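Undergrad: This is the content of query_9.txt (compact mmCIF, C-alpha atoms):
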# COMPACT_ATOMS: atom_id res chain seq x y z
CA MET A 22 129.81 -99.62 -31.40
CA ILE A 23 130.16 -103.23 -32.54
CA ILE A 24 127.42 -105.50 -31.19
CA LEU A 25 126.94 -109.27 -31.35
CA ALA A 26 123.34 -110.41 -30.91
CA GLY A 27 121.53 -113.70 -31.03
CA ASP A 28 118.08 -115.28 -30.92
CA ILE A 29 118.65 -118.76 -29.46
CA GLY A 30 116.00 -121.41 -30.05
CA GLY A 31 115.84 -125.10 -29.33
CA THR A 32 116.18 -125.93 -33.03
CA LYS A 33 117.69 -122.89 -34.75
CA THR A 34 119.72 -119.89 -33.62
CA ASN A 35 119.97 -116.58 -35.49
CA LEU A 36 123.20 -114.66 -34.92
CA GLY A 37 124.04 -111.17 -36.11
CA LEU A 38 126.82 -108.61 -36.01
CA PHE A 39 125.66 -104.99 -35.80
CA GLU A 40 127.25 -101.57 -35.62
CA GLY A 41 126.12 -98.01 -35.01
CA GLU A 42 125.00 -95.62 -32.31
CA PRO A 43 122.82 -96.88 -29.43
CA THR A 44 120.19 -94.14 -29.86
CA ARG A 45 119.49 -95.10 -33.51
CA PRO A 46 118.59 -98.28 -35.41
CA LEU A 47 121.78 -100.28 -35.79
CA GLY A 48 123.16 -101.42 -39.12
CA LYS A 49 123.56 -105.16 -39.69
CA ARG A 50 127.06 -106.20 -40.83
CA ALA A 51 126.53 -109.96 -40.95
CA GLU A 52 123.95 -112.59 -40.09
CA GLU A 53 123.89 -116.38 -39.90
CA SER A 54 121.36 -119.04 -38.96
CA VAL A 55 122.83 -122.17 -37.38
CA MET A 56 121.40 -125.38 -35.98
CA THR A 57 121.53 -125.09 -32.21
CA ARG A 58 122.16 -128.78 -31.60
CA ASP A 59 125.26 -128.74 -33.81
CA TYR A 60 127.18 -127.11 -30.96
CA ALA A 61 128.34 -128.80 -27.77
CA THR A 62 128.18 -125.53 -25.84
CA PRO A 63 126.50 -122.13 -26.31
CA GLU A 64 129.89 -120.48 -25.72
CA GLY A 65 131.37 -122.36 -28.66
CA MET A 66 128.45 -121.38 -30.89
CA VAL A 67 128.75 -117.64 -30.28
CA SER A 68 132.56 -117.45 -30.20
CA GLU A 69 132.87 -119.35 -33.49
CA PHE A 70 130.48 -116.87 -35.12
CA ALA A 71 132.49 -113.95 -33.74
CA GLN A 72 135.71 -115.48 -35.06
CA ARG A 73 134.22 -116.06 -38.52
CA GLN A 74 133.23 -112.40 -38.64
CA GLY A 75 136.59 -111.15 -37.38
CA ALA A 76 134.92 -109.63 -34.34
CA GLN A 77 136.47 -111.66 -31.54
CA GLY A 78 138.02 -109.25 -29.02
CA ARG A 79 136.55 -106.21 -30.79
CA LEU A 80 133.01 -106.27 -29.39
CA ASP A 81 131.51 -103.51 -27.27
CA ALA A 82 128.52 -105.54 -26.04
CA ALA A 83 126.44 -108.64 -26.69
CA CYS A 84 122.88 -109.75 -25.97
CA PHE A 85 120.99 -112.97 -26.57
CA GLY A 86 117.30 -113.73 -26.51
CA ILE A 87 116.60 -117.31 -25.51
CA ALA A 88 113.56 -119.56 -25.42
CA GLY A 89 113.16 -120.08 -21.70
CA PRO A 90 112.90 -118.31 -18.34
CA ILE A 91 115.94 -116.39 -17.05
CA GLU A 92 116.90 -116.25 -13.38
CA ASP A 93 120.03 -114.42 -12.16
CA GLY A 94 121.53 -114.47 -15.63
CA VAL A 95 120.99 -118.22 -16.09
CA CYS A 96 118.57 -120.03 -18.43
CA ARG A 97 117.68 -123.68 -18.11
CA GLY A 98 115.24 -123.97 -21.01
CA GLU A 99 113.59 -127.37 -21.38
CA ASN A 100 113.97 -127.44 -25.18
CA LEU A 101 117.65 -126.45 -25.28
CA PRO A 102 120.40 -129.00 -25.96
CA TRP A 103 122.51 -127.69 -23.06
CA LYS A 104 122.02 -128.02 -19.31
CA GLU A 105 122.19 -124.24 -18.87
CA VAL A 106 123.20 -120.97 -20.49
CA ARG A 107 124.98 -118.30 -18.39
CA ASP A 108 125.41 -114.62 -19.21
CA THR A 109 128.89 -114.51 -17.64
CA SER A 110 130.10 -117.57 -19.59
CA LEU A 111 128.82 -116.15 -22.89
CA GLY A 112 130.49 -112.84 -22.15
CA LYS A 113 133.81 -114.49 -21.28
CA ALA A 114 133.74 -116.46 -24.54
CA LEU A 115 133.40 -113.17 -26.41
CA GLY A 116 135.97 -111.22 -24.43
CA LEU A 117 133.37 -109.27 -22.43
CA PRO A 118 132.61 -109.12 -18.68
CA ARG A 119 129.15 -110.51 -19.43
CA ALA A 120 126.53 -110.73 -22.15
CA SER A 121 122.93 -109.71 -21.57
CA LEU A 122 120.63 -112.73 -21.49
CA LEU A 123 116.90 -112.12 -21.95
CA ASN A 124 113.82 -114.21 -22.59
CA ASP A 125 113.12 -114.31 -26.33
CA LEU A 126 109.84 -112.42 -25.88
CA GLU A 127 111.75 -109.67 -24.08
CA THR A 128 114.05 -109.19 -27.07
CA THR A 129 111.08 -109.38 -29.44
CA ALA A 130 109.29 -106.75 -27.38
CA TYR A 131 112.38 -104.55 -27.35
CA GLY A 132 112.68 -104.91 -31.12
CA VAL A 133 109.14 -103.86 -32.05
CA GLN A 134 109.88 -100.21 -31.27
CA PHE A 135 112.32 -100.18 -34.21
CA LEU A 136 109.96 -101.69 -36.80
CA GLN A 137 108.57 -99.57 -39.59
CA GLY A 138 107.14 -99.62 -43.11
CA ASP A 139 106.62 -103.07 -44.59
CA GLN A 140 107.80 -104.81 -41.40
CA ILE A 141 104.31 -104.47 -39.90
CA VAL A 142 100.67 -104.53 -41.04
CA THR A 143 98.17 -102.46 -39.08
CA LEU A 144 94.88 -104.01 -37.96
CA ASN A 145 93.75 -101.03 -35.88
CA ARG A 146 95.27 -97.58 -36.26
CA GLY A 147 94.13 -96.40 -32.83
CA ARG A 148 95.82 -93.40 -31.27
CA LYS A 149 99.48 -94.01 -30.46
CA ARG A 150 100.85 -92.29 -27.36
CA ASP A 151 104.53 -91.40 -27.11
CA HIS A 152 106.21 -93.42 -24.37
CA GLY A 153 103.10 -95.55 -23.94
CA ASN A 154 103.45 -99.18 -22.90
CA MET A 155 103.71 -101.75 -25.68
CA ALA A 156 102.59 -105.37 -25.67
CA VAL A 157 103.62 -108.39 -27.73
CA ILE A 158 101.76 -111.65 -28.22
CA ALA A 159 103.28 -114.31 -30.45
CA ALA A 160 101.72 -117.65 -31.39
CA GLY A 161 103.97 -120.13 -33.16
CA THR A 162 105.40 -123.38 -31.81
CA GLY A 163 104.08 -122.11 -28.47
CA LEU A 164 102.54 -118.86 -27.23
CA GLY A 165 104.78 -116.07 -26.02
CA GLU A 166 103.78 -112.81 -24.36
CA GLY A 167 105.77 -109.79 -23.28
CA GLY A 168 105.77 -106.04 -23.07
CA LEU A 169 107.71 -102.79 -22.96
CA LEU A 170 107.32 -100.41 -20.05
CA TRP A 171 108.54 -96.81 -20.13
CA ARG A 172 110.75 -96.28 -17.09
CA ASN A 173 113.16 -93.41 -16.31
CA GLY A 174 113.39 -92.15 -19.86
CA SER A 175 113.67 -95.46 -21.75
CA TYR A 176 111.83 -98.68 -22.49
CA GLU A 177 112.50 -101.79 -20.44
CA PRO A 178 111.22 -105.21 -21.57
CA LEU A 179 108.86 -107.27 -19.47
CA ALA A 180 108.81 -111.05 -19.70
CA CYS A 181 106.02 -113.39 -18.66
CA GLU A 182 104.93 -116.95 -19.29
CA GLY A 183 101.39 -116.11 -20.39
CA GLY A 184 101.20 -119.05 -22.77
CA HIS A 185 101.18 -121.38 -19.77
CA THR A 186 98.30 -119.66 -17.99
CA ASP A 187 94.90 -121.37 -17.96
CA LEU A 188 92.86 -121.29 -21.15
CA ALA A 189 90.03 -118.74 -20.99
CA VAL A 190 86.74 -119.53 -22.74
CA ARG A 191 83.85 -117.20 -23.59
CA ASN A 192 80.96 -119.11 -25.17
CA GLU A 193 79.31 -122.52 -25.44
CA LEU A 194 81.51 -123.72 -28.30
CA GLU A 195 84.69 -122.82 -26.44
CA ILE A 196 83.35 -124.53 -23.29
CA GLU A 197 82.93 -127.71 -25.34
CA LEU A 198 86.46 -127.24 -26.71
CA LEU A 199 87.81 -126.94 -23.17
CA GLN A 200 85.99 -130.11 -22.12
CA TYR A 201 87.48 -131.92 -25.13
CA LEU A 202 90.99 -130.71 -24.23
CA LEU A 203 90.56 -131.64 -20.56
CA ALA A 204 90.05 -135.23 -21.63
CA LEU A 205 93.41 -135.13 -23.43
CA ARG A 206 95.61 -133.46 -20.81
CA ARG A 207 95.58 -131.32 -17.70
CA PRO A 208 96.10 -128.49 -17.09
CA VAL A 209 94.79 -126.92 -20.30
CA ASN A 210 96.77 -123.76 -21.00
CA GLN A 211 96.65 -121.08 -23.67
CA GLU A 212 99.10 -122.98 -25.88
CA ALA A 213 96.60 -125.85 -26.14
CA VAL A 214 94.75 -123.62 -28.64
CA LEU A 215 97.04 -120.68 -29.49
CA SER A 216 99.94 -122.46 -31.19
CA GLY A 217 100.55 -124.61 -34.24
CA GLN A 218 99.55 -127.74 -32.34
CA GLY A 219 96.66 -125.75 -30.89
CA LEU A 220 95.19 -125.19 -34.35
CA VAL A 221 95.39 -128.95 -34.91
CA ASN A 222 93.65 -129.49 -31.56
CA VAL A 223 90.83 -127.15 -32.58
CA TYR A 224 90.37 -128.95 -35.89
CA ASN A 225 90.36 -132.37 -34.19
CA PHE A 226 87.73 -131.10 -31.74
CA LEU A 227 85.49 -129.86 -34.55
CA LYS A 228 85.86 -133.21 -36.30
CA ALA A 229 85.20 -135.22 -33.13
CA SER A 230 82.07 -133.16 -32.38
CA GLY A 231 80.70 -133.62 -35.91
CA ARG A 232 81.25 -130.00 -36.94
CA ALA A 233 83.98 -130.82 -39.46
CA LYS A 234 84.58 -133.64 -41.87
CA ASP A 235 87.71 -134.54 -43.81
CA SER A 236 87.62 -134.81 -47.55
CA ALA A 237 89.45 -137.89 -48.82
CA LYS A 238 92.37 -135.72 -49.93
CA LEU A 239 92.62 -133.89 -46.59
CA ALA A 240 92.44 -137.14 -44.63
CA GLU A 241 95.28 -138.55 -46.73
CA ASP A 242 97.41 -135.42 -46.30
CA LEU A 243 96.90 -135.29 -42.54
CA ALA A 244 97.55 -139.00 -42.06
CA SER A 245 101.00 -138.76 -43.63
CA ALA A 246 102.00 -135.42 -42.06
CA SER A 247 104.04 -134.70 -38.96
CA ASP A 248 102.41 -132.79 -36.11
CA LYS A 249 104.12 -129.58 -37.26
CA GLU A 250 103.02 -130.09 -40.87
CA LYS A 251 99.37 -130.67 -39.93
CA ALA A 252 98.88 -127.04 -38.81
CA ALA A 253 100.21 -125.76 -42.14
CA ILE A 254 97.92 -128.13 -44.07
CA ILE A 255 94.87 -126.98 -42.09
CA SER A 256 95.61 -123.27 -42.44
CA LYS A 257 96.42 -123.58 -46.15
CA ALA A 258 93.14 -125.39 -46.84
CA ALA A 259 91.25 -122.84 -44.74
CA LEU A 260 92.68 -119.86 -46.62
CA ALA A 261 92.08 -121.54 -49.98
CA GLY A 262 88.44 -122.18 -49.08
CA THR A 263 88.69 -125.85 -50.04
CA GLU A 264 87.81 -127.37 -46.65
CA ALA A 265 84.94 -125.99 -44.56
CA GLY A 266 86.16 -127.75 -41.41
CA CYS A 267 89.61 -126.21 -41.73
CA ALA A 268 88.06 -122.78 -42.28
CA ALA A 269 85.95 -123.23 -39.15
CA ALA A 270 89.04 -124.23 -37.15
CA LEU A 271 90.94 -121.14 -38.28
CA ASP A 272 87.91 -118.98 -37.42
CA VAL A 273 87.90 -120.33 -33.86
CA PHE A 274 91.65 -119.89 -33.60
CA ALA A 275 91.61 -116.27 -34.81
CA SER A 276 88.76 -115.35 -32.49
CA MET A 277 90.41 -116.90 -29.41
CA TYR A 278 93.73 -115.31 -30.40
CA GLY A 279 92.08 -111.89 -30.56
CA ALA A 280 90.38 -112.45 -27.20
CA ARG A 281 93.68 -113.41 -25.56
CA ALA A 282 95.39 -110.36 -27.09
CA GLY A 283 92.59 -108.21 -25.68
CA ASN A 284 93.17 -109.70 -22.23
CA LEU A 285 96.87 -108.87 -22.46
CA ALA A 286 96.01 -105.35 -23.60
CA LEU A 287 93.83 -104.82 -20.54
CA GLN A 288 96.71 -105.99 -18.35
CA LEU A 289 99.44 -103.81 -19.89
CA ILE A 290 97.40 -100.88 -21.37
CA PRO A 291 99.58 -100.66 -24.51
CA ARG A 292 98.98 -97.09 -25.64
CA GLY A 293 102.20 -97.41 -27.63
CA GLY A 294 100.84 -100.41 -29.54
CA MET A 295 99.89 -104.08 -29.42
CA PHE A 296 102.12 -106.20 -31.69
CA VAL A 297 101.08 -109.66 -32.89
CA GLY A 298 104.27 -111.59 -33.62
CA GLY A 299 105.20 -115.23 -34.02
CA GLY A 300 105.04 -117.35 -37.13
CA ILE A 301 101.30 -118.00 -37.41
CA ALA A 302 99.88 -114.49 -37.90
CA PRO A 303 102.02 -113.51 -40.94
CA LYS A 304 101.26 -116.83 -42.65
CA ASN A 305 97.53 -116.30 -42.12
CA LEU A 306 97.44 -112.55 -42.74
CA ALA A 307 94.18 -112.64 -44.71
CA LYS A 308 92.44 -114.24 -41.73
CA MET A 309 94.04 -111.76 -39.31
CA MET A 310 92.67 -108.91 -41.42
CA ASP A 311 89.12 -110.18 -41.99
CA GLY A 312 87.79 -108.73 -38.72
CA ALA A 313 87.47 -111.84 -36.53
CA PHE A 314 90.62 -111.11 -34.53
CA MET A 315 89.76 -107.46 -33.86
CA LYS A 316 86.12 -108.25 -33.07
CA ALA A 317 87.22 -110.57 -30.27
CA PHE A 318 89.99 -108.17 -29.19
CA LEU A 319 87.43 -105.40 -28.62
CA ASP A 320 84.72 -107.60 -27.08
CA LYS A 321 85.31 -106.67 -23.44
CA GLY A 322 82.07 -104.85 -22.65
CA ASP A 323 80.74 -101.39 -23.40
CA HIS A 324 82.97 -99.65 -20.87
CA PHE A 325 86.32 -101.06 -22.04
CA ARG A 326 85.67 -101.23 -25.79
CA PRO A 327 86.40 -97.48 -26.31
CA ILE A 328 89.66 -97.89 -24.38
CA LEU A 329 90.74 -100.88 -26.48
CA GLU A 330 89.83 -99.05 -29.68
CA GLU A 331 92.52 -96.48 -28.87
CA PHE A 332 95.33 -99.07 -28.84
CA PRO A 333 97.18 -99.45 -32.16
CA VAL A 334 97.29 -103.13 -33.20
CA HIS A 335 99.87 -104.43 -35.68
CA VAL A 336 100.88 -107.79 -37.13
CA VAL A 337 104.66 -108.18 -37.15
CA LEU A 338 105.94 -109.43 -40.51
CA GLU A 339 109.63 -109.10 -39.62
CA GLN A 340 110.68 -112.56 -38.46
CA LYS A 341 114.02 -111.35 -37.06
CA THR A 342 112.48 -108.88 -34.60
CA GLY A 343 114.01 -110.76 -31.67
CA LEU A 344 117.48 -110.45 -33.19
CA ILE A 345 116.97 -106.74 -33.82
CA GLY A 346 115.77 -106.27 -30.26
CA ALA A 347 118.74 -108.15 -28.79
CA ALA A 348 121.17 -105.95 -30.71
CA GLN A 349 119.45 -102.70 -29.76
CA TYR A 350 119.22 -103.76 -26.11
CA ALA A 351 122.93 -104.58 -26.02
CA ALA A 352 123.81 -101.18 -27.49
CA ALA A 353 121.54 -99.30 -25.07
CA HIS A 354 122.87 -101.17 -22.02
CA ALA A 355 126.56 -101.42 -22.90
CA ALA A 356 128.82 -100.76 -19.92
Mind turning the file's structure into C-alpha cells?
TA:
Amino acid sequence: MIILAGDIGGTKTNLGLFEGEPTRPLGKRAEESVMTRDYATPEGMVSEFAQRQGAQGRLDAACFGIAGPIEDGVCRGENLPWKEVRDTSLGKALGLPRASLLNDLETTAYGVQFLQGDQIVTLNRGRKRDHGNMAVIAAGTGLGEGGLLWRNGSYEPLACEGGHTDLAVRNELEIELLQYLLALRRPVNQEAVLSGQGLVNVYNFLKASGRAKDSAKLAEDLASASDKEKAAIISKAALAGTEAGCAAALDVFASMYGARAGNLALQLIPRGGMFVGGGIAPKNLAKMMDGAFMKAFLDKGDHFRPILEEFPVHVVLEQKTGLIGAAQYAAAHAA
C-alpha cells in the first residue's frame, strides 16, 4: 500500500509518504515540513506534495490529523488559514474518494501504539494489559487529550477537548493561582496552566505574590522575549538551577500536569498505557523524571492509588507521532 499522511497545524504541516502492510509499522518513503500559510488551499498543499513525490494517482489511502474539532468530515479550526478543511475535497485532490480527517490528538493517540525503544521514556512501568485502553495528554502551545479504545478487534481513537475544561485545583497555592488567573480572564481552563503560556502564567503569579523574584539578567531576557520565547527561558533557567523562581514555577507546572494526567487516567482507565506527548515534556525530561509528576498522578486517595500504579506511564520523545498515527490509520481503514 502507498499512503499519504499529514499532521496539519496552524503554523506548520508535516507531510509524509508511507508504504507497507496495514498490520505492521509502515515504512516512510519521504517526508516534508511546510509552512501552512504558504498555501491558498489545503487541497493545493497536499496535491503538490503528492506530485513532488510522484505519488499523484497512485495512492491507496490518505489521512490527516488537524488542529481543531472535526464534524461530519469537516474542520473549521480557529488557528487555520483556511475557512474549512473537508475530507472529500482532500480526497478528490489526491485522486481518492475521500481522505480520513481526524483531530490531531486522535492521530497522536493512534500513533503511540507503534512507538518503541528510544521513542519513549518510561516514568512508571506498571503492568501493561494487551488490548487495554490507552490515553494521551500533550501540553505544548495548548493542551490536547485523547485516547485509544479497543473495539471489535482493533483500536479506535477518541478525541476530546480536555484542554478547554475548567482548571482543577487541589491545595491553597493552586487556589491562589486560580484567583490570580480569574482576574486576568474567564473562564480559566486547563490551558491557562498546562501549556507554554501557562508556564509563563504560573511564573508571573509566583512573582506577583512575592514567591519569585527576577534576577537582573532574567528580567532583561524576559522583557525582550516573545510570549513563546518566555516559556523556554523560564524552563531553561529552572533546569539549570540558576533562578529559584523559575524552578518553583516548573515545580508547580509538573505537579499540576501530573494531577491532570491522573484525572484523565481515571476517566479512560488506560491499562495499555498513559502517554505524555506534546513539546513541553521532552524538553523538560529531567523535571518529568524527578518524581513530582508521578507523585501528583498517583495522589487520588488510598483506594485509587493502587489502580493508578498499574498503569504504564511514558513520555513520548517522538515528535512525529501524529504523522505516524495518521499513516497507520489510513492503512488500517483503507477502502
Undergrad: Rank nothing, just name the residue among A:Leu198, A:Leu136, A:Gly37, A:Asn284 nearest to Gly183 (chain A), using all atoms listed in the file.
TA: A:Asn284
Undergrad: Check the smallest atom-to-atom distance from each of A:Leu126, A:Arg232, A:Phe70, A:Arg107 to Ala347 (chain A) using all atoms listed in the file, then report the winner.
TA: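 Counting all atoms listed in the file, the residue closest to Ala347 (chain A) is A:Leu126.
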Undergrad: Which of these residues is nearest to Arg119 (chain A), using only C-alpha atoms: A:Gly322, A:Lys257, A:Leu38, A:Ala355?
TA: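 Nearest candidate to Arg119 (chain A) out of A:Gly322, A:Lys257, A:Leu38, A:Ala355: A:Ala355.
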Undergrad: Take CA of Gly31 (chain A) and CA of Leu122 (chain A) and report the distance between them in Å, one decimal.
TA: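 So the two atoms, CA of Gly31 (chain A) and CA of Leu122 (chain A), lie 15.4 Å apart.
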Undergrad: Considering only C-alpha atoms, can you say which of A:Ile29, A:Ala130, A:Leu260, A:Leu306 comes closest to Gly98 (chain A)?
TA: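 Counting only C-alpha atoms, the residue closest to Gly98 (chain A) is A:Ile29.
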Undergrad: Which residues come within 10 Å of Gly298 (chain A), counting all atoms listed in the file, excluding same-chain residues fewer than 5 positions away, as a ChimeraX atom specification?
TA: /A:126,129-130,133,141,157-161,164-166,303,335-340,342-343
Undergrad: Record the distance separating CA of Ala348 (chain A) and CA of Arg79 (chain A), expressed in Å with one decimal.
TA: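 CA of Arg79 (chain A) lies at a distance of 15.4 Å from CA of Ala348 (chain A).
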Undergrad: Step by step, gather every atom of region 92-111 of chain A that the file lists, find the box along x, y and z that holds them, add 8 Å on each side, and finally give centre and edge lengths in Å to one decimal, as lines of an AutoDock Vina configuration file.
TA:
center_x = 121.8
center_y = -121.7
center_z = -19.1
size_x = 32.5
size_y = 30.6
size_z = 29.8
Undergrad: Just want the 6 Å neighbourhood of Asn124 (chain A), counted on only C-alpha atoms, with same-chain residues fewer than 5 positions away dropped. Output as JSON, numbers by chain.
TA: {"A": [86, 87, 89, 90]}
Undergrad: Please produce a file of the residues just selected, as a PDB file, in the frame of the given file, where the atoms kept are C-alpha atoms.
TA:
ATOM      1  CA  GLY A  86     117.300-113.730 -26.510  1.00  0.00           C
ATOM      2  CA  ILE A  87     116.600-117.310 -25.510  1.00  0.00           C
ATOM      3  CA  GLY A  89     113.160-120.080 -21.700  1.00  0.00           C
ATOM      4  CA  PRO A  90     112.900-118.310 -18.340  1.00  0.00           C
TER       5      PRO A  90
END
Undergrad: Show me, as a PyMOL selection string, the residues that have an atom within 9 Å of Leu215 (chain A) when counting only C-alpha atoms, minus same-chain residues fewer than 4 positions from it.
TA: chain A and resi 159-161+163-164+184+211+219-220+274-275+277-278+281
Undergrad: Can you spit out the residues from that selection as a short mmCIF file (atom, residue, chain, number, x, y, z; two decimals), in the frame of the given file, using C-alpha atoms?
TA:
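So part_7.cif came out as:
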data_model
loop_
_atom_site.label_atom_id
_atom_site.label_comp_id
_atom_site.auth_asym_id
_atom_site.auth_seq_id
_atom_site.Cartn_x
_atom_site.Cartn_y
_atom_site.Cartn_z
CA ALA A 159 103.28 -114.31 -30.45
CA ALA A 160 101.72 -117.65 -31.39
CA GLY A 161 103.97 -120.13 -33.16
CA GLY A 163 104.08 -122.11 -28.47
CA LEU A 164 102.54 -118.86 -27.23
CA GLY A 184 101.20 -119.05 -22.77
CA GLN A 211 96.65 -121.08 -23.67
CA GLY A 219 96.66 -125.75 -30.89
CA LEU A 220 95.19 -125.19 -34.35
CA PHE A 274 91.65 -119.89 -33.60
CA ALA A 275 91.61 -116.27 -34.81
CA MET A 277 90.41 -116.90 -29.41
CA TYR A 278 93.73 -115.31 -30.40
CA ARG A 281 93.68 -113.41 -25.56
#
Undergrad: Do a neighbour search on Gln134 (chain A) at 12 Å with all atoms listed in the file, toss out local chain neighbours closer than 6 positions, and write the hits as a PyMOL selection string.
TA: chain A and resi 45-46+128+140-141+151-157+168-171+175-178+293-296+335+337+342-343+345-346+349-350
